[in-house]
Amino acid sequence: MSGLPLSTTPAAPPGTPARAALRHRLAERGVDRTLLLVLPAALSVVALFCYPFLYGLQLSFQPAKGGVFGAYRQFFADPFSRKSVWATFSLAIPAALINVGVSVPISYRMRREFRGKRLLLALLVVPITLGTVLTAEGVLEFYGPAGWFNRTLHLLGLADSPVQLTMNYTGVLLSLIISGFPFAYLLTHSYLSGIHPSLEKAAATLGAGWWQRFRHVTFPLLLPGLMTTFCLSFVMAFAVFPSAMMVGDPNGSTHVISIEAYQAALERFDYAQGSADAMIMTALMLVVLAAVTGLRSRLYRGSTGGKG
Amino acid sequence: MSAVPDMAGGAKESVGKAGALPPSQLVELQLRGVSRAYGSYTALHPLDLTIRGGEFVALLGPSGCGKTTALNCLAGLLPLTAGEIVLDGRRVDTVPPEKRGFGMVFQNYALFPHLTVRGNVAFGLKMRGVAKPEIARRVDEVLRLVRLGEQANRHPGQLSGGQQQRVAIARAIVMEPPLVLMDEPLSNLDAALRLEMRSEIRRIHQEFGLTTVYVTHDQEEALSLADRLVVLEAGRVSQIGTPSELYEHPADPHVAAFMGYRNLLALDVVSARGTAAVARRGGLRVAGTVVGGARAAEGQEVTVAIRPEDVRVVGPGDQPVAEVVADVVEYHGRVLHVEAVTREGDRIHLRAHGQVRPGDALAVAVDADRALLFPKESAGSGGSGRAEAAS
Ligand SMILES: Nc1ncnc2c1ncn2[C@@H]1O[C@H](COP(=O)(O)OP(=O)(O)OP(=O)(O)O)[C@@H](O)[C@H]1O
Ligand SMILES: [Mg+2]
């Protein structure tokens with residue numbers, strides 16, 4: 001018990017008799033020495049995230065004009081910047097919903113063994129390695145006015161003039177789906193494989209057809225996982241920047257908050273305004289995450305195994 | 001098959017007329033050459049079995065002999081490799097599990113963790129679209145039957161192993177299915193609860209007029225519960241019969257071992273007359289009965305099976321079977337379980353009523369009708385053919 005140096009434990013107990021009791025009480029709450037392993041990560045979060053965040057926060061309260069909340073007031077007063085909130089949400093929410101929604105049937109089917117499963121899996125997951133910029137390039141090339149997609153449509157006689165799929169909302173949504181889907185799929189897949197297959201078998205012997213089995217057994221057990229997946233997909237899509245610039249319409253329909261912040265800080269050199277925009281973005285993201293997490297905590301979250 | 005017969009619908013109708021339950025909803029279930037292979041490994045060799053309505057059939061065998069496989073084939077959770085299953089004249093092996101309407105209690109319970117006990121039990125009725133008040137009534141009744149009324153609103157994770165097991169049973173029987181399949185439902189319970197649940201299952205079986213196929217590796221459980229036993233060994237049927245048939249007349253040494261014949265001795269026949277024969281090897285000399293109508297020839301090797309309770313310390317006028325030295329003596333209340341060794345090192349299990357201490361020299365005896373002689377050729381035509389040629 002006394003072999004390891006414990007001096008770094010924040011709650012080093014003073015007296016010997018109280019020591020054992022306190023340790024027990026801490027252990028009861030899941031606090032023990034292995035928690036120290038979190039320390040390096042916690043420190044780097046403080047250094048690399050908390051400090052810059054707080055710095056940005058105080059910066060946002062020091063605009064050139066308009067008092068403490070001047071920058072915030074400015075953001076909501078200007079219709080162009082105000083509309084960026086809508087532009088961001090209208091990209092991030094559909095992208096996250098589509099990624100999660102498409103992952104479910106695919107991972108459901110991928111649970112069973114079939115020929116070529118590994119190849120298909122690799123194809124589904126490969127976009128993870130590409131990064132947003134490369135994906136945006138690809139979207140531009142493939143779906144562009146002179147890209148393969150439009151050329152194929154033209155050859156098949158399905159469209160007279162090229163369909164406009166890039167430099168607008170559709171292009172950004174497409175690239176968000178392409179780069180976000182592998183994450184959503186991998187997460188959903190692992191949540192799904194945590195559900196014991198005998199549960200569906202039991203449901204089958206109780207007269208449930210495949211849809212009822214999914215609806216009443218698999219889906220409720222999967223839902224908390226899907227919500228987590230949604231949160232992650234949403235956050236990834238919410239911070240959309242490269243694709244909104246490259247395949248979008250950065251001064252129109254895809255003028256998202258991150259672009260607004262970028263332009264304020266690095267084009268107009270108004271750091272206070274840029275920081276305020278970033279803070280607004282963070283606050284909006286947190287609102288959505290809090291809402292989803294709140295919903296999730298009201299669901300069943302116990303084990304998903306066969307023995308209950 | 002153009003229209004899949006919906007037996008579930010049939011079950012629902014008969015349930016509607018509550019109170020007037022028929023003795024059994026099925027007349028006869030036939031398994032014809034049912035077999036199942038995993039790749040090149042045959043887990044279940046062709047199995048022929050006819051189950052009559054109201055019967056309690058136990059599938060008995062050691063771990064890995066294919067019991068769960070057989071049950072899953074019956075339930076429709078595993079496709080058959082060959083053979084057919086016929087329920088009252090209709091082929092059902094092509095019917096998906098949800099349309100078979102058989103109840104199943106899984107080896108690992110497979111309770112729905114996100115539903116309460118009540119939700120678990122009501123699940124099947126809900127899937128069948130039974131009306132809400134009817135569901136509530138039947139669920140309450142079954143929960144009372146398995147004594148889980150107080151735990152009705154808990155989740156399975158908050159129940160003990162025995163309670164979970166009872167939920168699994170309740171969930172299967174609330175459907176009042178024509179056939180209930182149970183996969184080692186008592187394996188995780190402690191001894192006392194196991195005994196209690198055993199009689200509970202038998203009572204439920206009779207009260208609901210069920211037909212039950214019960215899988216177990218516990219011979220005592222199988223003997224006490226079942227009307228008929230099917231003993232499996234490595235995916236093959238060793239013997240099918242009533243408990244007393246199997247207990248008194250095991251077909252081969254493997255079944256005998258399962259039925260409590262702990263003494264299995266390899267001996268050579270020295271003389272044979274009809275089914276009576278004498279076999280010996282080393283210091284052992286046993287007069288016994290040859291099993292299965294086969295005859296033993298002189299010089300043939302046999303396996304002699306004797307229950308420990310049929311071996312006794314010689315009394316006056318007894319012909320001793322062997323001289324042994326007691327090695328391990330266990331106290332079991334009124335009797336002592338003694339493991340003794342012959343001079344050649346053969347181990348003999350016996351029951352003693354008097355005083356026996358380790359190291360005591362004993363002479364033991366067995367009645368001739370209590371020692372079963374199994375000719376070594378594995379109960380095939382080869383064995384009896386040779387015996388006939390010799391006689
Ligand atoms: N999916 C599978 N693939 C390959 N072999 C399998 C599979 N399932 C079972 N087996 C094999 O089939 C044999 C029979 O298995 P089964 O589960 O029916 O045994 P069991 O009699 O129920 O045993 P236990 O009493 O331990 O539950 C075993 O040897 C097992 O290894
Ligand atoms: Mg099994």
# chains A, B, ... in the order shown; residues from 1 in each chain; ligands from 1
>>> residues_near_ligand(ligand="ligand 2", cutoff="10 Å", atoms="only C-alpha atoms and all ligand atoms", output="NGL selection string")
:B and (61-72 or 106-108 or 183-184 or 215-217)
>>> interface_residues(of="chain B", to="chain A", cutoff="7 Å", atoms="only C-alpha atoms", output="PDB file with N, CA and C atoms, in the first residue's frame")
ATOM      1  N   LEU B  77     -33.832 -21.400 -35.326  1.00  0.00           N
ATOM      2  CA  LEU B  77     -32.757 -20.411 -35.264  1.00  0.00           C
ATOM      3  C   LEU B  77     -31.540 -20.865 -36.056  1.00  0.00           C
ATOM      4  N   PRO B  97     -38.486 -18.704 -37.409  1.00  0.00           N
ATOM      5  CA  PRO B  97     -38.766 -18.881 -35.981  1.00  0.00           C
ATOM      6  C   PRO B  97     -39.972 -18.083 -35.492  1.00  0.00           C
ATOM      7  N   GLU B  98     -40.140 -16.844 -36.032  1.00  0.00           N
ATOM      8  CA  GLU B  98     -41.235 -16.014 -35.514  1.00  0.00           C
ATOM      9  C   GLU B  98     -42.601 -16.553 -35.902  1.00  0.00           C
ATOM     10  N   LYS B  99     -42.637 -17.454 -36.911  1.00  0.00           N
ATOM     11  CA  LYS B  99     -43.920 -18.012 -37.317  1.00  0.00           C
ATOM     12  C   LYS B  99     -44.140 -19.401 -36.724  1.00  0.00           C
ATOM     13  N   GLY B 101     -43.851 -20.167 -33.516  1.00  0.00           N
ATOM     14  CA  GLY B 101     -44.601 -20.002 -32.274  1.00  0.00           C
ATOM     15  C   GLY B 101     -44.172 -20.955 -31.179  1.00  0.00           C
ATOM     16  N   PHE B 102     -42.929 -21.442 -31.233  1.00  0.00           N
ATOM     17  CA  PHE B 102     -42.416 -22.273 -30.143  1.00  0.00           C
ATOM     18  C   PHE B 102     -41.791 -21.350 -29.095  1.00  0.00           C
ATOM     19  N   GLY B 103     -41.988 -21.667 -27.846  1.00  0.00           N
ATOM     20  CA  GLY B 103     -41.346 -20.869 -26.801  1.00  0.00           C
ATOM     21  C   GLY B 103     -39.949 -21.387 -26.555  1.00  0.00           C
ATOM     22  N   MET B 104     -39.030 -20.466 -26.260  1.00  0.00           N
ATOM     23  CA  MET B 104     -37.662 -20.928 -26.011  1.00  0.00           C
ATOM     24  C   MET B 104     -37.061 -20.224 -24.807  1.00  0.00           C
ATOM     25  N   ASN B 108     -28.401 -18.648 -22.011  1.00  0.00           N
ATOM     26  CA  ASN B 108     -27.904 -17.437 -21.348  1.00  0.00           C
ATOM     27  C   ASN B 108     -29.048 -16.458 -21.047  1.00  0.00           C
ATOM     28  N   TYR B 109     -30.269 -16.956 -20.998  1.00  0.00           N
ATOM     29  CA  TYR B 109     -31.503 -16.189 -20.712  1.00  0.00           C
ATOM     30  C   TYR B 109     -31.916 -15.254 -21.844  1.00  0.00           C
ATOM     31  N   ALA B 110     -30.947 -14.455 -22.372  1.00  0.00           N
ATOM     32  CA  ALA B 110     -31.255 -13.492 -23.440  1.00  0.00           C
ATOM     33  C   ALA B 110     -32.455 -12.614 -23.091  1.00  0.00           C
ATOM     34  N   LEU B 111     -32.466 -12.075 -21.883  1.00  0.00           N
ATOM     35  CA  LEU B 111     -33.531 -11.131 -21.521  1.00  0.00           C
ATOM     36  C   LEU B 111     -33.231  -9.788 -22.166  1.00  0.00           C
ATOM     37  N   PHE B 112     -34.278  -9.018 -22.462  1.00  0.00           N
ATOM     38  CA  PHE B 112     -34.078  -7.701 -23.060  1.00  0.00           C
ATOM     39  C   PHE B 112     -33.671  -6.733 -21.956  1.00  0.00           C
ATOM     40  N   PRO B 113     -32.441  -6.249 -21.973  1.00  0.00           N
ATOM     41  CA  PRO B 113     -31.961  -5.472 -20.825  1.00  0.00           C
ATOM     42  C   PRO B 113     -32.656  -4.122 -20.673  1.00  0.00           C
ATOM     43  N   HIS B 114     -33.243  -3.624 -21.759  1.00  0.00           N
ATOM     44  CA  HIS B 114     -33.834  -2.282 -21.682  1.00  0.00           C
ATOM     45  C   HIS B 114     -35.294  -2.336 -21.256  1.00  0.00           C
ATOM     46  N   GLY B 124     -43.752 -10.832 -26.176  1.00  0.00           N
ATOM     47  CA  GLY B 124     -44.312 -11.713 -27.196  1.00  0.00           C
ATOM     48  C   GLY B 124     -45.776 -11.418 -27.471  1.00  0.00           C
ATOM     49  N   MET B 127     -46.077  -8.359 -29.561  1.00  0.00           N
ATOM     50  CA  MET B 127     -45.746  -8.620 -30.963  1.00  0.00           C
ATOM     51  C   MET B 127     -46.922  -9.283 -31.684  1.00  0.00           C
ATOM     52  N   ARG B 128     -47.696 -10.076 -30.940  1.00  0.00           N
ATOM     53  CA  ARG B 128     -48.832 -10.749 -31.544  1.00  0.00           C
ATOM     54  C   ARG B 128     -50.054  -9.843 -31.621  1.00  0.00           C
ATOM     55  N   PRO B 156     -33.788  -6.400 -15.855  1.00  0.00           N
ATOM     56  CA  PRO B 156     -33.091  -7.677 -15.646  1.00  0.00           C
ATOM     57  C   PRO B 156     -31.754  -7.510 -14.922  1.00  0.00           C
ATOM     58  N   GLY B 157     -31.057  -6.398 -15.173  1.00  0.00           N
ATOM     59  CA  GLY B 157     -29.769  -6.181 -14.525  1.00  0.00           C
ATOM     60  C   GLY B 157     -29.876  -6.082 -13.018  1.00  0.00           C
TER      61      GLY B 157
END
>>> closest_residue(among="B:Arg312, B:Arg228, B:Arg147, B:His349", to="Thr212 in chain B", atoms="only C-alpha atoms")
B:Arg228
>>> residues_around(residues="Glu200 in chain B", least_positions_apart="6", cutoff="10 Å", atoms="only C-alpha atoms", output="ChimeraX atom specification")
/B:145-146,166,194,206
>>> residues_around(residues="Val139 in chain B", least_positions_apart="6", cutoff="8 Å", atoms="only C-alpha atoms", output="MDAnalysis selection string")
chainID B and resid 118 121:122 174
>>> atom_distance(atom1="CA of Pro178 in chain B", atom2="CA of Glu28 in chain B")
10.4 Å
>>> select_by_dssp(residues="range 48-187 of chain A", states="alpha helix (DSSP H)", output="PyMOL selection string")
chain A and resi 51-60+70-77+79-109+117-125+131-143+148-155+169-187
